[in-house]
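Source file: query_18.cif; contents: mmCIF, N, CA and C atoms.
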```
data_work
loop_
_atom_site.label_atom_id
_atom_site.label_comp_id
_atom_site.auth_asym_id
_atom_site.auth_seq_id
_atom_site.Cartn_x
_atom_site.Cartn_y
_atom_site.Cartn_z
N MET A 3 116.03 56.06 97.94
CA MET A 3 116.00 57.07 98.97
C MET A 3 116.02 58.45 98.30
N ALA A 4 115.16 59.32 98.71
CA ALA A 4 115.05 60.65 98.11
C ALA A 4 116.19 61.54 98.57
N GLY A 5 116.65 62.39 97.69
CA GLY A 5 117.70 63.34 98.02
C GLY A 5 117.14 64.54 98.74
N PRO A 6 118.02 65.50 99.08
CA PRO A 6 117.53 66.70 99.77
C PRO A 6 116.58 67.49 98.90
N LYS A 7 115.61 68.09 99.55
CA LYS A 7 114.61 68.88 98.83
C LYS A 7 115.22 70.22 98.43
N THR A 8 115.03 70.60 97.20
CA THR A 8 115.52 71.89 96.73
C THR A 8 114.36 72.72 96.22
N VAL A 9 114.55 74.02 96.25
CA VAL A 9 113.53 74.92 95.72
C VAL A 9 114.03 75.44 94.39
N ASP A 10 113.28 75.16 93.34
CA ASP A 10 113.64 75.67 92.02
C ASP A 10 112.97 77.02 91.83
N PHE A 11 113.73 77.98 91.36
CA PHE A 11 113.22 79.32 91.15
C PHE A 11 113.34 79.64 89.68
N GLU A 12 112.22 79.91 89.06
CA GLU A 12 112.24 80.35 87.67
C GLU A 12 111.93 81.84 87.67
N ASP A 13 112.76 82.60 87.02
CA ASP A 13 112.64 84.05 87.02
C ASP A 13 111.62 84.49 85.99
N PHE A 14 110.40 84.81 86.46
CA PHE A 14 109.33 85.25 85.58
C PHE A 14 109.26 86.76 85.43
N LEU A 15 110.04 87.50 86.23
CA LEU A 15 109.94 88.96 86.18
C LEU A 15 110.28 89.54 84.81
N PRO A 16 111.32 89.07 84.13
CA PRO A 16 111.58 89.65 82.80
C PRO A 16 110.42 89.43 81.82
N THR A 17 109.79 88.26 81.88
CA THR A 17 108.65 87.99 81.01
C THR A 17 107.49 88.91 81.36
N MET A 18 107.26 89.09 82.66
CA MET A 18 106.19 89.99 83.10
C MET A 18 106.48 91.41 82.64
N ALA A 19 107.74 91.82 82.74
CA ALA A 19 108.11 93.17 82.33
C ALA A 19 107.88 93.37 80.84
N ASP A 20 108.22 92.36 80.04
CA ASP A 20 107.99 92.46 78.60
C ASP A 20 106.50 92.60 78.29
N LYS A 21 105.67 91.85 78.99
CA LYS A 21 104.24 91.86 78.71
C LYS A 21 103.53 93.08 79.30
N LEU A 22 103.96 93.51 80.49
CA LEU A 22 103.25 94.57 81.21
C LEU A 22 103.87 95.96 81.06
N GLY A 23 105.13 96.01 80.67
CA GLY A 23 105.84 97.28 80.67
C GLY A 23 106.28 97.62 82.09
N GLY A 24 107.08 98.66 82.21
CA GLY A 24 107.63 99.04 83.50
C GLY A 24 106.59 99.37 84.54
N GLU A 25 105.63 100.21 84.18
CA GLU A 25 104.60 100.61 85.15
C GLU A 25 103.72 99.43 85.54
N GLY A 26 103.39 98.58 84.59
CA GLY A 26 102.57 97.41 84.89
C GLY A 26 103.28 96.44 85.81
N LEU A 27 104.58 96.27 85.59
CA LEU A 27 105.36 95.38 86.45
C LEU A 27 105.40 95.91 87.89
N ILE A 28 105.63 97.20 88.04
CA ILE A 28 105.66 97.79 89.38
C ILE A 28 104.30 97.61 90.04
N GLY A 29 103.24 97.78 89.29
CA GLY A 29 101.90 97.56 89.83
C GLY A 29 101.71 96.13 90.32
N GLU A 30 102.20 95.17 89.55
CA GLU A 30 102.09 93.77 89.96
C GLU A 30 102.94 93.47 91.19
N LEU A 31 104.13 94.08 91.26
CA LEU A 31 104.96 93.91 92.46
C LEU A 31 104.25 94.48 93.68
N CYS A 32 103.60 95.61 93.50
CA CYS A 32 102.83 96.20 94.61
C CYS A 32 101.69 95.29 95.03
N ASN A 33 101.03 94.66 94.06
CA ASN A 33 99.98 93.69 94.38
C ASN A 33 100.55 92.51 95.16
N GLY A 34 101.72 92.04 94.74
CA GLY A 34 102.38 90.95 95.46
C GLY A 34 102.71 91.33 96.89
N PHE A 35 103.18 92.55 97.06
CA PHE A 35 103.47 93.04 98.41
C PHE A 35 102.20 93.02 99.26
N GLN A 36 101.09 93.47 98.69
CA GLN A 36 99.82 93.51 99.42
C GLN A 36 99.40 92.11 99.86
N LEU A 37 99.65 91.11 99.02
CA LEU A 37 99.29 89.74 99.36
C LEU A 37 100.11 89.19 100.52
N LEU A 38 101.36 89.61 100.62
CA LEU A 38 102.28 89.05 101.61
C LEU A 38 102.35 89.84 102.92
N MET A 39 101.89 91.07 102.91
CA MET A 39 102.09 91.93 104.07
C MET A 39 101.14 91.61 105.22
N ASP A 40 101.57 92.01 106.39
CA ASP A 40 100.72 92.01 107.58
C ASP A 40 99.84 93.25 107.46
N VAL A 41 98.55 93.08 107.36
CA VAL A 41 97.66 94.22 107.09
C VAL A 41 97.66 95.23 108.23
N ASP A 42 97.91 94.79 109.45
CA ASP A 42 97.94 95.72 110.57
C ASP A 42 99.20 96.57 110.59
N LYS A 43 100.31 95.99 110.16
CA LYS A 43 101.60 96.69 110.20
C LYS A 43 101.96 97.35 108.88
N GLY A 44 101.36 96.90 107.78
CA GLY A 44 101.69 97.44 106.47
C GLY A 44 103.08 97.03 106.00
N LEU A 45 103.59 95.93 106.56
CA LEU A 45 104.93 95.41 106.26
C LEU A 45 104.85 93.91 106.04
N ILE A 46 105.84 93.37 105.34
CA ILE A 46 105.98 91.93 105.27
C ILE A 46 106.83 91.52 106.46
N THR A 47 106.22 90.82 107.40
CA THR A 47 106.91 90.33 108.58
C THR A 47 107.21 88.85 108.40
N PHE A 48 108.01 88.30 109.29
CA PHE A 48 108.26 86.86 109.23
C PHE A 48 106.95 86.09 109.30
N GLU A 49 106.09 86.50 110.21
CA GLU A 49 104.82 85.80 110.39
C GLU A 49 103.94 85.89 109.15
N SER A 50 103.86 87.08 108.55
CA SER A 50 103.01 87.20 107.36
C SER A 50 103.61 86.46 106.17
N LEU A 51 104.94 86.45 106.07
CA LEU A 51 105.60 85.72 104.98
C LEU A 51 105.36 84.23 105.15
N LYS A 52 105.51 83.76 106.38
CA LYS A 52 105.29 82.33 106.63
C LYS A 52 103.83 81.95 106.36
N ARG A 53 102.92 82.77 106.80
CA ARG A 53 101.48 82.50 106.63
C ARG A 53 101.09 82.52 105.15
N ASN A 54 101.68 83.41 104.37
CA ASN A 54 101.26 83.61 102.98
C ASN A 54 102.24 83.05 101.95
N SER A 55 103.28 82.36 102.39
CA SER A 55 104.31 81.89 101.46
C SER A 55 103.76 80.90 100.43
N ALA A 56 102.68 80.19 100.75
CA ALA A 56 102.10 79.26 99.79
C ALA A 56 101.60 79.99 98.54
N LEU A 57 101.24 81.27 98.69
CA LEU A 57 100.79 82.05 97.53
C LEU A 57 101.89 82.17 96.48
N LEU A 58 103.15 82.06 96.93
CA LEU A 58 104.29 82.13 96.02
C LEU A 58 104.84 80.75 95.67
N GLY A 59 104.18 79.71 96.17
CA GLY A 59 104.69 78.36 95.94
C GLY A 59 105.87 78.04 96.83
N LEU A 60 106.02 78.75 97.95
CA LEU A 60 107.17 78.57 98.84
C LEU A 60 106.79 77.89 100.15
N GLN A 61 105.69 77.15 100.16
CA GLN A 61 105.22 76.57 101.40
C GLN A 61 106.21 75.58 102.01
N GLY A 62 107.15 75.07 101.23
CA GLY A 62 108.12 74.10 101.74
C GLY A 62 109.35 74.70 102.38
N LEU A 63 109.46 76.02 102.40
CA LEU A 63 110.65 76.64 102.97
C LEU A 63 110.66 76.56 104.49
N ARG A 64 111.85 76.34 105.03
CA ARG A 64 112.02 76.32 106.49
C ARG A 64 112.02 77.75 107.02
N ASP A 65 111.82 77.86 108.32
CA ASP A 65 111.81 79.18 108.96
C ASP A 65 113.11 79.93 108.72
N ASP A 66 114.25 79.24 108.81
CA ASP A 66 115.53 79.92 108.61
C ASP A 66 115.68 80.44 107.18
N GLU A 67 115.08 79.76 106.21
CA GLU A 67 115.13 80.23 104.82
C GLU A 67 114.25 81.47 104.64
N LEU A 68 113.08 81.47 105.28
CA LEU A 68 112.21 82.65 105.22
C LEU A 68 112.88 83.85 105.89
N LEU A 69 113.50 83.60 107.04
CA LEU A 69 114.21 84.69 107.74
C LEU A 69 115.36 85.23 106.90
N SER A 70 116.03 84.33 106.20
CA SER A 70 117.13 84.75 105.32
C SER A 70 116.62 85.66 104.21
N MET A 71 115.46 85.33 103.66
CA MET A 71 114.86 86.18 102.61
C MET A 71 114.56 87.57 103.17
N LEU A 72 114.00 87.61 104.37
CA LEU A 72 113.70 88.91 104.98
C LEU A 72 114.96 89.72 105.22
N ARG A 73 115.97 89.06 105.77
CA ARG A 73 117.24 89.77 106.06
C ARG A 73 117.88 90.30 104.78
N GLU A 74 117.76 89.54 103.70
CA GLU A 74 118.35 89.95 102.42
C GLU A 74 117.80 91.28 101.94
N GLY A 75 116.52 91.52 102.17
CA GLY A 75 115.91 92.74 101.66
C GLY A 75 115.72 93.84 102.68
N ASP A 76 115.97 93.55 103.96
CA ASP A 76 115.69 94.49 105.04
C ASP A 76 116.78 95.56 105.13
N VAL A 77 116.59 96.64 104.41
CA VAL A 77 117.59 97.70 104.33
C VAL A 77 117.63 98.53 105.62
N ASP A 78 116.47 98.81 106.20
CA ASP A 78 116.44 99.69 107.37
C ASP A 78 116.62 98.95 108.70
N GLY A 79 116.76 97.62 108.66
CA GLY A 79 117.08 96.86 109.85
C GLY A 79 115.94 96.66 110.83
N ASP A 80 114.69 96.84 110.40
CA ASP A 80 113.56 96.70 111.32
C ASP A 80 113.02 95.27 111.38
N GLY A 81 113.64 94.34 110.64
CA GLY A 81 113.21 92.95 110.67
C GLY A 81 112.03 92.63 109.77
N ALA A 82 111.60 93.59 108.97
CA ALA A 82 110.46 93.41 108.07
C ALA A 82 110.77 94.14 106.75
N LEU A 83 109.92 93.91 105.76
CA LEU A 83 110.10 94.57 104.46
C LEU A 83 108.96 95.55 104.22
N ASN A 84 109.34 96.79 103.91
CA ASN A 84 108.32 97.73 103.44
C ASN A 84 108.18 97.52 101.94
N GLN A 85 107.28 98.25 101.33
CA GLN A 85 107.00 98.03 99.91
C GLN A 85 108.23 98.29 99.03
N MET A 86 108.97 99.36 99.33
CA MET A 86 110.16 99.66 98.52
C MET A 86 111.21 98.57 98.67
N GLU A 87 111.45 98.11 99.89
CA GLU A 87 112.43 97.04 100.11
C GLU A 87 112.02 95.77 99.36
N PHE A 88 110.73 95.46 99.37
CA PHE A 88 110.24 94.29 98.66
C PHE A 88 110.49 94.41 97.16
N CYS A 89 110.14 95.55 96.59
CA CYS A 89 110.32 95.74 95.14
C CYS A 89 111.80 95.68 94.77
N VAL A 90 112.65 96.32 95.55
CA VAL A 90 114.09 96.27 95.27
C VAL A 90 114.60 94.84 95.36
N LEU A 91 114.14 94.10 96.36
CA LEU A 91 114.56 92.71 96.51
C LEU A 91 114.14 91.87 95.31
N MET A 92 112.93 92.07 94.82
CA MET A 92 112.48 91.32 93.66
C MET A 92 113.35 91.63 92.43
N PHE A 93 113.74 92.88 92.27
CA PHE A 93 114.64 93.23 91.17
C PHE A 93 116.02 92.60 91.36
N ARG A 94 116.50 92.60 92.59
CA ARG A 94 117.82 92.02 92.87
C ARG A 94 117.83 90.53 92.61
N PHE A 95 116.71 89.85 92.87
CA PHE A 95 116.63 88.41 92.62
C PHE A 95 116.49 88.09 91.15
N SER A 96 116.37 89.10 90.31
CA SER A 96 116.16 88.90 88.89
C SER A 96 117.28 89.56 88.09
N PRO A 97 118.39 88.85 87.86
CA PRO A 97 119.52 89.47 87.14
C PRO A 97 119.16 90.00 85.76
N ASP A 98 118.31 89.26 85.03
CA ASP A 98 117.92 89.72 83.69
C ASP A 98 117.13 91.02 83.78
N LEU A 99 116.29 91.12 84.79
CA LEU A 99 115.50 92.32 84.95
C LEU A 99 116.37 93.51 85.33
N MET A 100 117.43 93.27 86.09
CA MET A 100 118.35 94.36 86.44
C MET A 100 118.96 94.96 85.19
N GLU A 101 119.32 94.10 84.24
CA GLU A 101 119.88 94.60 82.98
C GLU A 101 118.83 95.42 82.23
N ASP A 102 117.60 94.92 82.18
CA ASP A 102 116.53 95.63 81.48
C ASP A 102 116.21 96.96 82.15
N SER A 103 116.31 97.01 83.49
CA SER A 103 115.95 98.24 84.20
C SER A 103 116.89 99.38 83.82
N GLN A 104 118.13 99.08 83.50
CA GLN A 104 119.07 100.11 83.05
C GLN A 104 118.58 100.70 81.72
N LEU A 105 118.10 99.84 80.84
CA LEU A 105 117.57 100.31 79.55
C LEU A 105 116.33 101.17 79.76
N TRP A 106 115.44 100.75 80.69
CA TRP A 106 114.23 101.53 80.96
C TRP A 106 114.59 102.90 81.50
N LEU A 107 115.60 102.95 82.38
CA LEU A 107 116.03 104.22 82.94
C LEU A 107 116.55 105.13 81.84
N GLU A 108 117.37 104.59 80.96
CA GLU A 108 117.90 105.39 79.86
C GLU A 108 116.78 105.89 78.95
N GLU A 109 115.80 105.03 78.66
CA GLU A 109 114.68 105.44 77.82
C GLU A 109 113.85 106.53 78.50
N ALA A 110 113.63 106.39 79.79
CA ALA A 110 112.85 107.39 80.53
C ALA A 110 113.57 108.72 80.56
N LEU A 111 114.88 108.68 80.76
CA LEU A 111 115.66 109.92 80.77
C LEU A 111 115.65 110.57 79.40
N GLN A 112 115.79 109.78 78.37
CA GLN A 112 115.76 110.30 77.00
C GLN A 112 114.40 110.94 76.72
N HIS A 113 113.33 110.28 77.16
CA HIS A 113 111.97 110.79 76.96
C HIS A 113 111.81 112.13 77.69
N GLU A 114 112.30 112.21 78.91
CA GLU A 114 112.21 113.44 79.70
C GLU A 114 113.00 114.57 79.02
N LEU A 115 114.18 114.24 78.52
CA LEU A 115 115.00 115.26 77.86
C LEU A 115 114.32 115.78 76.60
N MET A 116 113.65 114.89 75.88
CA MET A 116 112.97 115.30 74.65
C MET A 116 111.76 116.18 74.98
N ASN A 117 111.07 115.87 76.09
CA ASN A 117 109.91 116.66 76.50
C ASN A 117 110.32 118.04 77.02
N ASP A 118 111.50 118.15 77.60
CA ASP A 118 111.98 119.42 78.13
C ASP A 118 112.50 120.34 77.01
N ALA A 119 112.84 119.73 75.90
CA ALA A 119 113.43 120.53 74.80
C ALA A 119 112.41 121.32 74.04
#
```

Mind converting the file's structure to structure tokens?
Amino acid sequence: MAGPKTVDFEDFLPTMADKLGGEGLIGELCNGFQLLMDVDKGLITFESLKRNSALLGLQGLRDDELLSMLREGDVDGDGALNQMEFCVLMFRFSPDLMEDSQLWLEEALQHELMNDA
């Protein structure tokens, strides 16, 4: 008898960040947002996430799991994700990337300070 179905998540964002750099990673996240969004609303809605979830390999998720993902990232409470909410959510789901983002921020600030001097 088969056990309960689980979704395995492998965090590829740190690898993508290493290969693409910060700007390249943000560009790819924006592309991902474009794939998942409702083109009429410019947001990721429950319906667009459900319709396009197979693109992420998430076709097996139940409706309540998809809704939970939306609620997790929905900062403004409108029931959908705008591009910024989506990108922040992707970073939050990636603990290793959160650590790296602090280093990128420090490097960017150092670069800015050197250019201002």

Any idea what the distance is between atom CA of A:Asn84 and atom CA of A:Gly62? 23.7 Å

Separation of atom CA of A:Leu51 from atom CA of A:Phe35, in Å and rounded to one decimal: 10.1 Å

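Straight-line separation from atom C of A:Ala82 to atom C of A:Cys32: 14.9 Å.
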
With only C-alpha atoms as the counted atoms, please give the residues lying no more than 6 Å from A:Leu45, apart from itself and same-chain residues fewer than 4 positions off, as a PyMOL selection string. chain A and resi 39-40+83-84

Written file, previous selection with N, CA and C atoms, as a PDB file, in the coordinates of the input:
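Output saved as again-v8.pdb:
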```pdb
ATOM      1  N   MET A  39     101.890  91.070 102.910  1.00  0.00           N
ATOM      2  CA  MET A  39     102.090  91.930 104.070  1.00  0.00           C
ATOM      3  C   MET A  39     101.140  91.610 105.220  1.00  0.00           C
ATOM      4  N   ASP A  40     101.570  92.010 106.390  1.00  0.00           N
ATOM      5  CA  ASP A  40     100.720  92.010 107.580  1.00  0.00           C
ATOM      6  C   ASP A  40      99.840  93.250 107.460  1.00  0.00           C
ATOM      7  N   LEU A  83     109.920  93.910 105.760  1.00  0.00           N
ATOM      8  CA  LEU A  83     110.100  94.570 104.460  1.00  0.00           C
ATOM      9  C   LEU A  83     108.960  95.550 104.220  1.00  0.00           C
ATOM     10  N   ASN A  84     109.340  96.790 103.910  1.00  0.00           N
ATOM     11  CA  ASN A  84     108.320  97.730 103.440  1.00  0.00           C
ATOM     12  C   ASN A  84     108.180  97.520 101.940  1.00  0.00           C
TER      13      ASN A  84
END
```

My list of candidates is A:Leu69, A:Cys89, A:Leu31, A:Leu111. Which is closest to A:Phe48 when distances are computed with all atoms listed in the file? A:Leu69

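Nearest to A:Glu87 of all the residues A:Leu115, A:Glu30, A:Ile46, A:Leu57 is A:Ile46, counting only C-alpha atoms.
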